[in-house]
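Text of model_3.cif, listed as mmCIF, C-alpha atoms:
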```cif
data_structure
loop_
_atom_site.label_atom_id
_atom_site.label_comp_id
_atom_site.auth_asym_id
_atom_site.auth_seq_id
_atom_site.Cartn_x
_atom_site.Cartn_y
_atom_site.Cartn_z
CA MET S 1 -5.42 -13.05 -55.65
CA GLU S 2 -3.62 -15.12 -53.03
CA LEU S 3 -6.84 -15.41 -51.06
CA ILE S 4 -8.80 -16.66 -54.08
CA LEU S 5 -6.17 -19.30 -54.84
CA ASP S 6 -6.15 -20.38 -51.19
CA ILE S 7 -9.94 -20.75 -51.25
CA PHE S 8 -9.79 -22.83 -54.45
CA THR S 9 -7.08 -25.02 -52.90
CA GLY S 10 -9.17 -25.52 -49.79
CA ILE S 11 -12.22 -26.53 -51.82
CA CYS S 12 -10.16 -28.98 -53.90
CA PHE S 13 -8.55 -30.51 -50.79
CA PHE S 14 -11.95 -30.84 -49.12
CA ILE S 15 -13.45 -32.70 -52.10
CA GLY S 16 -10.33 -34.86 -52.41
CA SER S 17 -10.30 -35.76 -48.71
CA LEU S 18 -13.99 -36.62 -48.87
CA SER S 19 -13.39 -38.80 -51.94
CA ILE S 20 -10.54 -40.82 -50.46
CA ILE S 21 -12.29 -41.32 -47.10
CA ILE S 22 -15.52 -42.42 -48.83
CA GLY S 23 -13.46 -44.72 -51.05
CA ALA S 24 -11.78 -46.33 -48.03
CA CYS S 25 -15.13 -46.80 -46.27
CA GLY S 26 -16.49 -48.45 -49.43
CA LEU S 27 -13.39 -50.65 -49.57
CA ILE S 28 -14.29 -51.92 -46.10
CA LYS S 29 -18.06 -52.13 -46.48
CA LEU S 30 -18.68 -53.52 -49.99
CA PRO S 31 -19.19 -57.29 -50.18
CA ASP S 32 -16.89 -58.77 -52.86
CA VAL S 33 -13.86 -58.08 -55.06
CA PHE S 34 -15.76 -56.79 -58.08
CA SER S 35 -17.57 -54.10 -56.13
CA ARG S 36 -14.47 -53.16 -54.15
CA ILE S 37 -12.74 -52.33 -57.44
CA HIS S 38 -15.26 -49.50 -57.76
CA ALA S 39 -14.23 -48.05 -54.39
CA ALA S 40 -10.53 -48.38 -55.24
CA GLY S 41 -11.16 -46.52 -58.52
CA MET S 42 -12.80 -43.75 -56.50
CA ILE S 43 -9.57 -43.30 -54.52
CA ASP S 44 -7.38 -43.50 -57.63
CA THR S 45 -9.24 -41.04 -59.86
CA ALA S 46 -11.26 -38.52 -57.85
CA GLY S 47 -9.00 -38.26 -54.82
CA THR S 48 -5.74 -37.96 -56.74
CA ALA S 49 -7.16 -35.57 -59.32
CA PHE S 50 -8.56 -33.12 -56.77
CA PHE S 51 -5.47 -33.19 -54.52
CA ILE S 52 -3.18 -32.56 -57.50
CA LEU S 53 -5.45 -29.76 -58.77
CA GLY S 54 -5.28 -28.13 -55.35
CA MET S 55 -1.48 -28.35 -55.28
CA ILE S 56 -1.29 -26.89 -58.81
CA PHE S 57 -3.28 -23.86 -57.57
CA GLN S 58 -0.61 -23.32 -54.92
CA THR S 59 2.47 -23.49 -57.15
CA GLY S 60 1.65 -21.49 -60.25
CA TRP S 61 3.71 -22.15 -63.37
CA SER S 62 7.03 -23.86 -62.70
CA LEU S 63 8.77 -27.23 -62.99
CA ILE S 64 6.82 -28.45 -59.96
CA THR S 65 3.59 -28.12 -61.94
CA VAL S 66 5.01 -30.35 -64.66
CA LYS S 67 5.93 -32.99 -62.08
CA LEU S 68 2.46 -32.83 -60.52
CA ILE S 69 0.79 -33.23 -63.93
CA LEU S 70 3.13 -36.17 -64.63
CA ILE S 71 2.04 -37.92 -61.41
CA GLY S 72 -1.62 -37.24 -62.21
CA VAL S 73 -1.43 -38.53 -65.78
CA PHE S 74 0.50 -41.62 -64.72
CA ILE S 75 -1.96 -42.63 -61.99
CA PHE S 76 -4.87 -41.77 -64.29
CA PHE S 77 -3.60 -44.26 -66.90
CA THR S 78 -2.31 -47.06 -64.65
CA SER S 79 -5.29 -47.33 -62.29
CA PRO S 80 -7.68 -48.83 -64.90
CA VAL S 81 -4.96 -51.29 -65.99
CA THR S 82 -4.52 -52.59 -62.44
CA SER S 83 -8.29 -52.82 -61.88
CA HIS S 84 -8.77 -54.71 -65.15
CA VAL S 85 -5.99 -57.20 -64.43
CA THR S 86 -7.33 -57.83 -60.91
CA ALA S 87 -10.92 -58.38 -62.09
CA ASN S 88 -9.84 -60.60 -64.98
CA LEU S 89 -7.69 -62.80 -62.74
CA ALA S 90 -10.40 -63.05 -60.08
CA ARG S 91 -12.85 -64.20 -62.76
CA GLN S 92 -10.32 -66.78 -64.02
CA LYS S 93 -9.88 -68.12 -60.48
CA ASN S 94 -13.68 -68.70 -60.21
CA ILE S 95 -14.47 -66.10 -57.59
CA LEU S 96 -18.21 -65.47 -57.83
CA PRO S 97 -19.91 -62.12 -57.25
CA VAL S 98 -22.24 -61.92 -54.26
CA GLY S 99 -25.74 -63.17 -55.12
CA LYS S 100 -24.54 -65.27 -58.04
CA LYS S 101 -25.04 -69.03 -57.78
CA ILE S 102 -22.63 -71.60 -59.21
CA GLY S 103 -22.94 -71.65 -62.98
CA LYS S 104 -22.22 -69.54 -65.99
CA ILE S 105 -20.50 -66.24 -65.18
CA LEU S 106 -21.24 -63.46 -67.65
CA MET O 1 -4.51 -26.82 -45.23
CA PHE O 2 -1.77 -29.26 -46.22
CA LEU O 3 -1.89 -30.63 -42.67
CA ALA O 4 -5.63 -31.31 -43.08
CA GLY O 5 -4.91 -33.25 -46.27
CA LEU O 6 -2.20 -35.22 -44.50
CA ILE O 7 -4.60 -36.12 -41.68
CA ALA O 8 -7.19 -37.26 -44.26
CA CYS O 9 -4.52 -39.43 -45.92
CA ALA O 10 -3.63 -40.93 -42.53
CA ILE O 11 -7.27 -41.81 -41.76
CA THR O 12 -7.64 -43.35 -45.23
CA GLY O 13 -4.46 -45.37 -44.73
CA ILE O 14 -5.74 -46.79 -41.44
CA LEU O 15 -9.09 -47.74 -43.03
CA ILE O 16 -7.30 -49.45 -45.94
CA LEU O 17 -5.05 -51.33 -43.49
CA VAL O 18 -8.20 -52.75 -41.89
CA ARG O 19 -9.20 -54.15 -45.28
CA ILE O 20 -5.71 -55.55 -45.87
CA ILE O 21 -5.89 -57.41 -42.55
CA LEU O 22 -9.49 -58.61 -42.98
CA GLY O 23 -9.44 -59.36 -46.73
CA GLU O 24 -11.13 -62.62 -47.65
CA THR O 25 -9.25 -63.39 -50.89
CA THR O 26 -5.82 -62.49 -52.21
CA PHE O 27 -7.31 -60.09 -54.74
CA ASP O 28 -8.86 -57.97 -51.99
CA ARG O 29 -5.45 -57.58 -50.40
CA ILE O 30 -3.71 -56.76 -53.69
CA LEU O 31 -6.36 -54.16 -54.54
CA ALA O 32 -6.09 -52.60 -51.09
CA VAL O 33 -2.28 -52.49 -51.26
CA ASN O 34 -2.53 -50.70 -54.63
CA SER O 35 -4.92 -48.14 -53.13
CA LEU O 36 -2.61 -47.70 -50.14
CA GLY O 37 0.24 -46.95 -52.56
CA THR O 38 -1.85 -44.26 -54.26
CA VAL O 39 -2.69 -42.68 -50.90
CA ILE O 40 1.00 -42.75 -49.95
CA VAL O 41 1.88 -40.95 -53.23
CA ILE O 42 -0.61 -38.19 -52.34
CA GLY O 43 0.79 -38.09 -48.81
CA ILE O 44 4.40 -37.72 -49.98
CA SER O 45 3.42 -34.82 -52.27
CA LEU O 46 1.45 -33.12 -49.47
CA HIS O 47 4.33 -33.54 -47.02
CA GLY O 48 6.69 -31.95 -49.52
CA PHE O 49 4.45 -28.91 -49.77
CA TYR O 50 3.84 -28.82 -46.01
CA SER O 51 7.56 -28.66 -45.21
CA ASN O 52 8.35 -26.24 -48.11
CA ARG O 53 10.52 -28.79 -49.93
CA PRO O 54 8.72 -29.67 -53.19
CA GLU O 55 11.66 -31.87 -54.25
CA PHE O 56 9.70 -34.68 -52.60
CA LEU O 57 7.68 -34.87 -55.83
CA ASP O 58 10.51 -36.84 -57.47
CA ILE O 59 10.13 -39.49 -54.77
CA ALA O 60 6.37 -39.46 -55.36
CA ILE O 61 6.87 -40.11 -59.10
CA VAL O 62 9.20 -43.04 -58.39
CA TYR O 63 6.77 -44.43 -55.81
CA ALA O 64 3.91 -44.31 -58.32
CA LEU O 65 5.99 -46.18 -60.94
CA ILE O 66 7.14 -48.88 -58.50
CA ASN O 67 3.58 -49.24 -57.15
CA PHE O 68 2.21 -50.07 -60.60
CA ILE O 69 5.02 -52.43 -61.55
CA GLY O 70 4.88 -54.18 -58.17
CA THR O 71 1.12 -54.74 -58.32
CA VAL O 72 1.22 -56.17 -61.84
CA ALA O 73 4.23 -58.36 -60.97
CA VAL O 74 2.52 -59.81 -57.89
CA LEU O 75 -0.64 -60.51 -59.90
CA LYS O 76 1.37 -62.25 -62.62
CA LEU O 77 3.25 -64.31 -60.04
CA PHE O 78 -0.04 -65.32 -58.41
CA SER O 79 -1.55 -66.16 -61.78
CA THR O 80 1.12 -68.27 -63.47
CA GLY O 81 3.52 -69.17 -60.67
CA SER O 82 6.51 -67.51 -62.33
CA LEU O 83 7.51 -64.03 -63.41
CA GLY O 84 8.10 -65.06 -67.01
CA GLY O 85 11.86 -65.56 -66.93
CA ASP O 86 13.80 -68.52 -68.30
CA LYS O 87 12.51 -71.79 -66.95
#
```

Structure re-expressed in structure tokens:
Amino acid sequence: MELILDIFTGICFFIGSLSIIIGACGLIKLPDVFSRIHAAGMIDTAGTAFFILGMIFQTGWSLITVKLILIGVFIFFTSPVTSHVTANLARQKNILPVGKKIGKIL
Amino acid sequence: MFLAGLIACAITGILILVRIILGETTFDRILAVNSLGTVIVIGISLHGFYSNRPEFLDIAIVYALINFIGTVAVLKLFSTGSLGGDK
């Protein structure tokens, strides 16, 4: 049983590590703010969810599980708020997406 | 296993720092700092498990809360020029 849980934890950590590294590479490579929000959302949702799932497999049922679920739920709800505020403010400050000429946005 | 996750968090942190230094606009930097905060929350949790002291999760919760409030406060300050107190 321990071995199965360790294997599940390893798989979850592998997917989470891949997600956050791909998200950071996208944060460097993508051209403007509006597409970088997509990469940041990748780090915030997929990476955090898989790492926390892997840690939950290691603890079992205790108070630590409750704290882990609290962190996961909090980041899951605050990440879209931050992304929305950033995109809205960038649009108000007239930052254009790449490939869009001066004119009507949206 | 936890050490591998910590190394992945360190590599991600270095890549995000490159974006913070290079960032063209202020919004790029704010977005990257928010992502760095999320990666640090994961790193604190993993370090707690790695050193067999899961009490570090309390610090991770507080860091997540302050990360959100700080990002929204900096965006509001950049938007309106004040934090909404008495003029």

Contacts of O:Ile20 within 9 Å, only C-alpha atoms, excl. fewer than 6 positions in-chain, as a PyMOL selection string: chain O and resi 28-33

Chain O contacts to chain S at 7 Å (all atoms listed in the file) as a ChimeraX atom specification: /O:1,5,8,12,15-16,19,27-28,35,38,42,57,61,68,72

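In this model, the gap between atom CA of S:Ser35 and atom CA of O:Lys76 comes to 21.6 Å.
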
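When only C-alpha atoms are used to measure the gap to S:Phe8, the shortest distance among S:Val98, S:Ile69, S:Ile56, S:Leu63 belongs to S:Ile56.
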
Straight-line distance linking atom CA of O:Gly70 with atom CA of O:Phe2, stated in Å to one decimal: 28.4 Å

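A straight line drawn from atom CA of S:His38 to atom CA of O:Val62 is 25.3 Å long.
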